[in-house]
>>> print(open('work-v2.cif').read())   # mmCIF, C-alpha atoms
data_data
#
loop_
_atom_site.label_atom_id
_atom_site.label_comp_id
_atom_site.auth_asym_id
_atom_site.auth_seq_id
_atom_site.Cartn_x
_atom_site.Cartn_y
_atom_site.Cartn_z
CA MET A 35 -13.43 -10.25 -0.28
CA ARG A 36 -10.80 -8.41 -2.31
CA MET A 37 -11.55 -5.73 -4.91
CA ALA A 38 -9.22 -5.29 -7.85
CA ILE A 39 -8.13 -1.67 -8.02
CA ASP A 40 -5.83 -0.05 -10.55
CA CYS A 41 -4.39 3.13 -9.06
CA LEU A 42 -1.23 4.65 -7.64
CA LEU A 43 -0.42 5.25 -4.00
CA SER A 44 2.27 7.03 -2.05
CA PHE A 45 3.63 5.67 1.20
CA SER A 46 6.36 6.06 3.79
CA ARG A 47 7.74 4.15 6.73
CA ARG A 48 5.99 5.22 9.91
CA GLY A 49 7.87 8.14 11.45
CA GLU A 50 10.01 8.85 8.38
CA GLN A 51 9.75 11.61 5.78
CA GLN A 52 10.98 9.76 2.67
CA SER A 53 8.07 9.00 0.36
CA PHE A 54 7.77 6.06 -2.05
CA GLU A 55 5.30 5.26 -4.82
CA GLY A 56 3.47 2.05 -5.56
CA HIS A 57 0.67 0.58 -7.64
CA VAL A 58 -2.39 -0.94 -5.95
CA VAL A 59 -3.35 -4.44 -7.07
CA ASN A 60 -6.28 -5.12 -4.75
CA LEU A 61 -7.94 -3.95 -1.55
CA SER A 62 -10.13 -5.51 1.12
CA SER A 63 -11.59 -4.26 4.39
CA LYS A 64 -8.54 -5.57 6.29
CA GLY A 65 -5.72 -5.55 3.76
CA ILE A 66 -4.08 -4.17 0.66
CA LEU A 67 -1.76 -5.64 -1.96
CA PHE A 68 0.46 -3.29 -3.93
CA THR A 69 3.67 -3.32 -5.93
CA ALA A 70 6.73 -1.12 -5.46
CA ILE A 71 10.24 -0.98 -6.86
CA ASP A 72 11.71 -0.48 -3.38
CA GLN A 73 12.32 -3.38 -1.00
CA PHE A 74 10.57 -3.58 2.36
CA GLU A 75 10.50 -6.28 5.02
CA LYS A 76 7.78 -8.25 6.77
CA GLY A 77 6.81 -6.29 9.89
CA ASP A 78 7.59 -2.84 8.43
CA GLN A 79 4.99 -0.26 9.48
CA LEU A 80 3.89 2.04 6.68
CA GLU A 81 1.63 5.05 6.20
CA LEU A 82 -0.34 4.97 2.92
CA LEU A 83 -2.14 7.60 0.88
CA LEU A 84 -4.23 6.09 -1.90
CA THR A 85 -5.66 8.65 -4.31
CA PRO A 86 -8.21 7.16 -6.74
CA THR A 87 -8.18 8.39 -10.33
CA ASN A 88 -11.87 9.26 -9.97
CA SER A 89 -11.76 12.81 -8.58
CA SER A 90 -15.12 12.37 -6.81
CA THR A 91 -13.71 9.61 -4.58
CA THR A 92 -12.06 10.68 -1.32
CA PRO A 93 -8.39 9.69 -0.86
CA MET A 94 -7.77 6.86 1.61
CA GLU A 95 -5.19 7.25 4.38
CA ALA A 96 -4.21 4.20 6.40
CA SER A 97 -1.56 2.70 8.62
CA VAL A 98 -0.49 -0.81 7.63
CA VAL A 99 1.94 -3.56 8.62
CA VAL A 100 3.70 -5.54 5.89
CA SER A 101 2.69 -9.20 6.26
CA ARG A 102 4.32 -10.65 3.13
CA VAL A 103 6.87 -9.53 0.54
CA THR A 104 7.38 -11.31 -2.78
CA PHE A 105 9.82 -10.29 -5.51
CA ASN A 106 8.05 -10.66 -8.86
CA ASP A 107 10.23 -9.89 -11.91
CA GLU A 108 11.19 -6.23 -11.40
CA VAL A 109 8.85 -5.25 -8.57
CA TYR A 110 8.11 -6.23 -5.00
CA GLU A 111 4.57 -7.26 -4.09
CA LEU A 112 3.69 -6.10 -0.59
CA ALA A 113 0.73 -7.67 1.16
CA CYS A 114 -0.23 -5.51 4.13
CA GLU A 115 -2.69 -5.67 7.00
CA ILE A 116 -4.58 -2.42 7.57
CA THR A 117 -4.18 -1.47 11.24
CA GLU A 118 -5.85 1.96 11.16
CA MET A 119 -7.95 4.01 8.76
CA LYS A 120 -7.50 7.78 9.05
#
>>> encode(input="work-v2.cif", output="structure tokens")
Amino acid sequence: MRMAIDCLLSFSRRGEQQSFEGHVVNLSSKGILFTAIDQFEKGDQLELLLTPTNSSTTPMEASVVVSRVTFNDEVYELACEITEMK
């Protein structure tokens, strides 16, 4: 079951310092779909930090693997499998 979520996230490739920003579309217990203006490839391993707009909700940190990339107008949609919650 996927939950629609409207919030920003920051992420980086595993082991790299450069940070990117994205916009969460939906989230499930095993995956996340978000958009980004930067291109990534299927199989890329990413570290995510999702900070909800509601200040009482704890930020979510997770490791993910990109399972699908779709270019949609001006943004990339990245479907990722969550491999580890931190």
>>> resolve_selection(input="work-v2.cif", expression="the PyMOL selection byres ((chain A and resi 82-87) around 12)", output="PDB file with C-alpha atoms, in the coordinates of the input")
ATOM      1  CA  ILE A  39      -8.130  -1.670  -8.020  1.00  0.00           C
ATOM      2  CA  ASP A  40      -5.830  -0.050 -10.550  1.00  0.00           C
ATOM      3  CA  CYS A  41      -4.390   3.130  -9.060  1.00  0.00           C
ATOM      4  CA  LEU A  42      -1.230   4.650  -7.640  1.00  0.00           C
ATOM      5  CA  LEU A  43      -0.420   5.250  -4.000  1.00  0.00           C
ATOM      6  CA  SER A  44       2.270   7.030  -2.050  1.00  0.00           C
ATOM      7  CA  PHE A  45       3.630   5.670   1.200  1.00  0.00           C
ATOM      8  CA  SER A  46       6.360   6.060   3.790  1.00  0.00           C
ATOM      9  CA  ARG A  47       7.740   4.150   6.730  1.00  0.00           C
ATOM     10  CA  ARG A  48       5.990   5.220   9.910  1.00  0.00           C
ATOM     11  CA  SER A  53       8.070   9.000   0.360  1.00  0.00           C
ATOM     12  CA  PHE A  54       7.770   6.060  -2.050  1.00  0.00           C
ATOM     13  CA  GLU A  55       5.300   5.260  -4.820  1.00  0.00           C
ATOM     14  CA  GLY A  56       3.470   2.050  -5.560  1.00  0.00           C
ATOM     15  CA  HIS A  57       0.670   0.580  -7.640  1.00  0.00           C
ATOM     16  CA  VAL A  58      -2.390  -0.940  -5.950  1.00  0.00           C
ATOM     17  CA  VAL A  59      -3.350  -4.440  -7.070  1.00  0.00           C
ATOM     18  CA  ASN A  60      -6.280  -5.120  -4.750  1.00  0.00           C
ATOM     19  CA  LEU A  61      -7.940  -3.950  -1.550  1.00  0.00           C
ATOM     20  CA  GLY A  65      -5.720  -5.550   3.760  1.00  0.00           C
ATOM     21  CA  ILE A  66      -4.080  -4.170   0.660  1.00  0.00           C
ATOM     22  CA  LEU A  67      -1.760  -5.640  -1.960  1.00  0.00           C
ATOM     23  CA  PHE A  68       0.460  -3.290  -3.930  1.00  0.00           C
ATOM     24  CA  GLN A  79       4.990  -0.260   9.480  1.00  0.00           C
ATOM     25  CA  LEU A  80       3.890   2.040   6.680  1.00  0.00           C
ATOM     26  CA  GLU A  81       1.630   5.050   6.200  1.00  0.00           C
ATOM     27  CA  ASN A  88     -11.870   9.260  -9.970  1.00  0.00           C
ATOM     28  CA  SER A  89     -11.760  12.810  -8.580  1.00  0.00           C
ATOM     29  CA  SER A  90     -15.120  12.370  -6.810  1.00  0.00           C
ATOM     30  CA  THR A  91     -13.710   9.610  -4.580  1.00  0.00           C
ATOM     31  CA  THR A  92     -12.060  10.680  -1.320  1.00  0.00           C
ATOM     32  CA  PRO A  93      -8.390   9.690  -0.860  1.00  0.00           C
ATOM     33  CA  MET A  94      -7.770   6.860   1.610  1.00  0.00           C
ATOM     34  CA  GLU A  95      -5.190   7.250   4.380  1.00  0.00           C
ATOM     35  CA  ALA A  96      -4.210   4.200   6.400  1.00  0.00           C
ATOM     36  CA  SER A  97      -1.560   2.700   8.620  1.00  0.00           C
ATOM     37  CA  VAL A  98      -0.490  -0.810   7.630  1.00  0.00           C
ATOM     38  CA  VAL A  99       1.940  -3.560   8.620  1.00  0.00           C
ATOM     39  CA  VAL A 100       3.700  -5.540   5.890  1.00  0.00           C
ATOM     40  CA  CYS A 114      -0.230  -5.510   4.130  1.00  0.00           C
ATOM     41  CA  GLU A 115      -2.690  -5.670   7.000  1.00  0.00           C
ATOM     42  CA  ILE A 116      -4.580  -2.420   7.570  1.00  0.00           C
ATOM     43  CA  THR A 117      -4.180  -1.470  11.240  1.00  0.00           C
ATOM     44  CA  GLU A 118      -5.850   1.960  11.160  1.00  0.00           C
ATOM     45  CA  MET A 119      -7.950   4.010   8.760  1.00  0.00           C
ATOM     46  CA  LYS A 120      -7.500   7.780   9.050  1.00  0.00           C
TER      47      LYS A 120
END
>>> atom_distance(input="work-v2.cif", atom1="CA of Met37 in chain A", atom2="CA of Lys64 in chain A")
11.6 Å
>>> atom_distance(input="work-v2.cif", atom1="CA of Thr104 in chain A", atom2="CA of Gly49 in chain A")
24.1 Å
>>> residues_near_point(input="work-v2.cif", point="(8.6, -2.6, -4.9)", cutoff="7 Å", atoms="all atoms listed in the file", output="NGL selection string")
:A and (56 or 69-73 or 109-111)
>>> atom_distance(input="work-v2.cif", atom1="CA of Ser63 in chain A", atom2="CA of Ala113 in chain A")
13.2 Å
>>> axis_aligned_box(input="work-v2.cif", around="range 92-105 of chain A", padding_each_side="3 Å", output="lines of an AutoDock Vina configuration file")
center_x = -1.1
center_y = -0.3
center_z = 1.6
size_x = 27.9
size_y = 28.0
size_z = 20.1
>>> build_atoms(input="work-v2.cif", residues="range 63-94 of chain A", atoms="N, CA and C atoms", output="PDB file, in the frame of the given file")
ATOM      1  N   SER A  63     -11.301  -5.046   3.188  1.00  0.00           N
ATOM      2  CA  SER A  63     -11.590  -4.260   4.390  1.00  0.00           C
ATOM      3  C   SER A  63     -10.445  -4.351   5.404  1.00  0.00           C
ATOM      4  N   LYS A  64      -9.609  -5.387   5.308  1.00  0.00           N
ATOM      5  CA  LYS A  64      -8.540  -5.570   6.290  1.00  0.00           C
ATOM      6  C   LYS A  64      -7.144  -5.571   5.694  1.00  0.00           C
ATOM      7  N   GLY A  65      -7.040  -5.475   4.361  1.00  0.00           N
ATOM      8  CA  GLY A  65      -5.720  -5.550   3.760  1.00  0.00           C
ATOM      9  C   GLY A  65      -5.611  -4.894   2.402  1.00  0.00           C
ATOM     10  N   ILE A  66      -4.361  -4.757   1.965  1.00  0.00           N
ATOM     11  CA  ILE A  66      -4.080  -4.170   0.660  1.00  0.00           C
ATOM     12  C   ILE A  66      -2.869  -4.883   0.072  1.00  0.00           C
ATOM     13  N   LEU A  67      -2.891  -5.079  -1.235  1.00  0.00           N
ATOM     14  CA  LEU A  67      -1.760  -5.640  -1.960  1.00  0.00           C
ATOM     15  C   LEU A  67      -1.333  -4.611  -2.990  1.00  0.00           C
ATOM     16  N   PHE A  68      -0.037  -4.240  -2.949  1.00  0.00           N
ATOM     17  CA  PHE A  68       0.460  -3.290  -3.930  1.00  0.00           C
ATOM     18  C   PHE A  68       1.878  -3.658  -4.331  1.00  0.00           C
ATOM     19  N   THR A  69       2.315  -3.078  -5.447  1.00  0.00           N
ATOM     20  CA  THR A  69       3.670  -3.320  -5.930  1.00  0.00           C
ATOM     21  C   THR A  69       4.493  -2.043  -5.759  1.00  0.00           C
ATOM     22  N   ALA A  70       5.800  -2.242  -5.592  1.00  0.00           N
ATOM     23  CA  ALA A  70       6.730  -1.120  -5.460  1.00  0.00           C
ATOM     24  C   ALA A  70       8.090  -1.572  -5.963  1.00  0.00           C
ATOM     25  N   ILE A  71       8.902  -0.620  -6.397  1.00  0.00           N
ATOM     26  CA  ILE A  71      10.240  -0.980  -6.860  1.00  0.00           C
ATOM     27  C   ILE A  71      11.238  -1.028  -5.709  1.00  0.00           C
ATOM     28  N   ASP A  72      10.843  -0.497  -4.551  1.00  0.00           N
ATOM     29  CA  ASP A  72      11.710  -0.480  -3.380  1.00  0.00           C
ATOM     30  C   ASP A  72      11.418  -1.681  -2.482  1.00  0.00           C
ATOM     31  N   GLN A  73      12.464  -2.194  -1.841  1.00  0.00           N
ATOM     32  CA  GLN A  73      12.320  -3.380  -1.000  1.00  0.00           C
ATOM     33  C   GLN A  73      11.940  -3.000   0.426  1.00  0.00           C
ATOM     34  N   PHE A  74      10.986  -3.723   0.969  1.00  0.00           N
ATOM     35  CA  PHE A  74      10.570  -3.580   2.360  1.00  0.00           C
ATOM     36  C   PHE A  74      10.535  -4.967   2.977  1.00  0.00           C
ATOM     37  N   GLU A  75      10.434  -5.011   4.293  1.00  0.00           N
ATOM     38  CA  GLU A  75      10.500  -6.280   5.020  1.00  0.00           C
ATOM     39  C   GLU A  75       9.184  -6.563   5.731  1.00  0.00           C
ATOM     40  N   LYS A  76       8.927  -7.843   5.963  1.00  0.00           N
ATOM     41  CA  LYS A  76       7.780  -8.250   6.770  1.00  0.00           C
ATOM     42  C   LYS A  76       7.912  -7.573   8.131  1.00  0.00           C
ATOM     43  N   GLY A  77       6.812  -6.984   8.602  1.00  0.00           N
ATOM     44  CA  GLY A  77       6.810  -6.290   9.890  1.00  0.00           C
ATOM     45  C   GLY A  77       6.999  -4.788   9.780  1.00  0.00           C
ATOM     46  N   ASP A  78       7.455  -4.287   8.606  1.00  0.00           N
ATOM     47  CA  ASP A  78       7.590  -2.840   8.430  1.00  0.00           C
ATOM     48  C   ASP A  78       6.230  -2.164   8.610  1.00  0.00           C
ATOM     49  N   GLN A  79       6.213  -1.030   9.293  1.00  0.00           N
ATOM     50  CA  GLN A  79       4.990  -0.260   9.480  1.00  0.00           C
ATOM     51  C   GLN A  79       5.021   0.915   8.515  1.00  0.00           C
ATOM     52  N   LEU A  80       3.952   1.035   7.733  1.00  0.00           N
ATOM     53  CA  LEU A  80       3.890   2.040   6.680  1.00  0.00           C
ATOM     54  C   LEU A  80       2.655   2.922   6.838  1.00  0.00           C
ATOM     55  N   GLU A  81       2.758   4.129   6.313  1.00  0.00           N
ATOM     56  CA  GLU A  81       1.630   5.050   6.200  1.00  0.00           C
ATOM     57  C   GLU A  81       1.320   5.193   4.719  1.00  0.00           C
ATOM     58  N   LEU A  82       0.068   4.947   4.325  1.00  0.00           N
ATOM     59  CA  LEU A  82      -0.340   4.970   2.920  1.00  0.00           C
ATOM     60  C   LEU A  82      -1.268   6.136   2.624  1.00  0.00           C
ATOM     61  N   LEU A  83      -1.171   6.638   1.403  1.00  0.00           N
ATOM     62  CA  LEU A  83      -2.140   7.600   0.880  1.00  0.00           C
ATOM     63  C   LEU A  83      -2.519   7.112  -0.515  1.00  0.00           C
ATOM     64  N   LEU A  84      -3.719   6.607  -0.633  1.00  0.00           N
ATOM     65  CA  LEU A  84      -4.230   6.090  -1.900  1.00  0.00           C
ATOM     66  C   LEU A  84      -5.175   7.134  -2.482  1.00  0.00           C
ATOM     67  N   THR A  85      -4.838   7.643  -3.662  1.00  0.00           N
ATOM     68  CA  THR A  85      -5.660   8.650  -4.310  1.00  0.00           C
ATOM     69  C   THR A  85      -6.269   8.069  -5.578  1.00  0.00           C
ATOM     70  N   PRO A  86      -7.557   7.719  -5.555  1.00  0.00           N
ATOM     71  CA  PRO A  86      -8.210   7.160  -6.740  1.00  0.00           C
ATOM     72  C   PRO A  86      -8.185   8.119  -7.916  1.00  0.00           C
ATOM     73  N   THR A  87      -8.186   7.565  -9.122  1.00  0.00           N
ATOM     74  CA  THR A  87      -8.180   8.390 -10.330  1.00  0.00           C
ATOM     75  C   THR A  87      -9.497   9.132 -10.503  1.00  0.00           C
ATOM     76  N   ASN A  88     -10.563   8.609  -9.927  1.00  0.00           N
ATOM     77  CA  ASN A  88     -11.870   9.260  -9.970  1.00  0.00           C
ATOM     78  C   ASN A  88     -11.853  10.411  -8.971  1.00  0.00           C
ATOM     79  N   SER A  89     -11.887  11.634  -9.440  1.00  0.00           N
ATOM     80  CA  SER A  89     -11.760  12.810  -8.580  1.00  0.00           C
ATOM     81  C   SER A  89     -12.891  12.951  -7.567  1.00  0.00           C
ATOM     82  N   SER A  90     -14.010  12.260  -7.756  1.00  0.00           N
ATOM     83  CA  SER A  90     -15.120  12.370  -6.810  1.00  0.00           C
ATOM     84  C   SER A  90     -14.954  11.427  -5.624  1.00  0.00           C
ATOM     85  N   THR A  91     -13.953  10.542  -5.663  1.00  0.00           N
ATOM     86  CA  THR A  91     -13.710   9.610  -4.580  1.00  0.00           C
ATOM     87  C   THR A  91     -12.673  10.199  -3.617  1.00  0.00           C
ATOM     88  N   THR A  92     -12.953  10.142  -2.341  1.00  0.00           N
ATOM     89  CA  THR A  92     -12.060  10.680  -1.320  1.00  0.00           C
ATOM     90  C   THR A  92     -10.797   9.835  -1.204  1.00  0.00           C
ATOM     91  N   PRO A  93      -9.624  10.454  -1.069  1.00  0.00           N
ATOM     92  CA  PRO A  93      -8.390   9.690  -0.860  1.00  0.00           C
ATOM     93  C   PRO A  93      -8.478   8.858   0.424  1.00  0.00           C
ATOM     94  N   MET A  94      -7.779   7.746   0.446  1.00  0.00           N
ATOM     95  CA  MET A  94      -7.770   6.860   1.610  1.00  0.00           C
ATOM     96  C   MET A  94      -6.412   6.963   2.287  1.00  0.00           C
TER      97      MET A  94
END
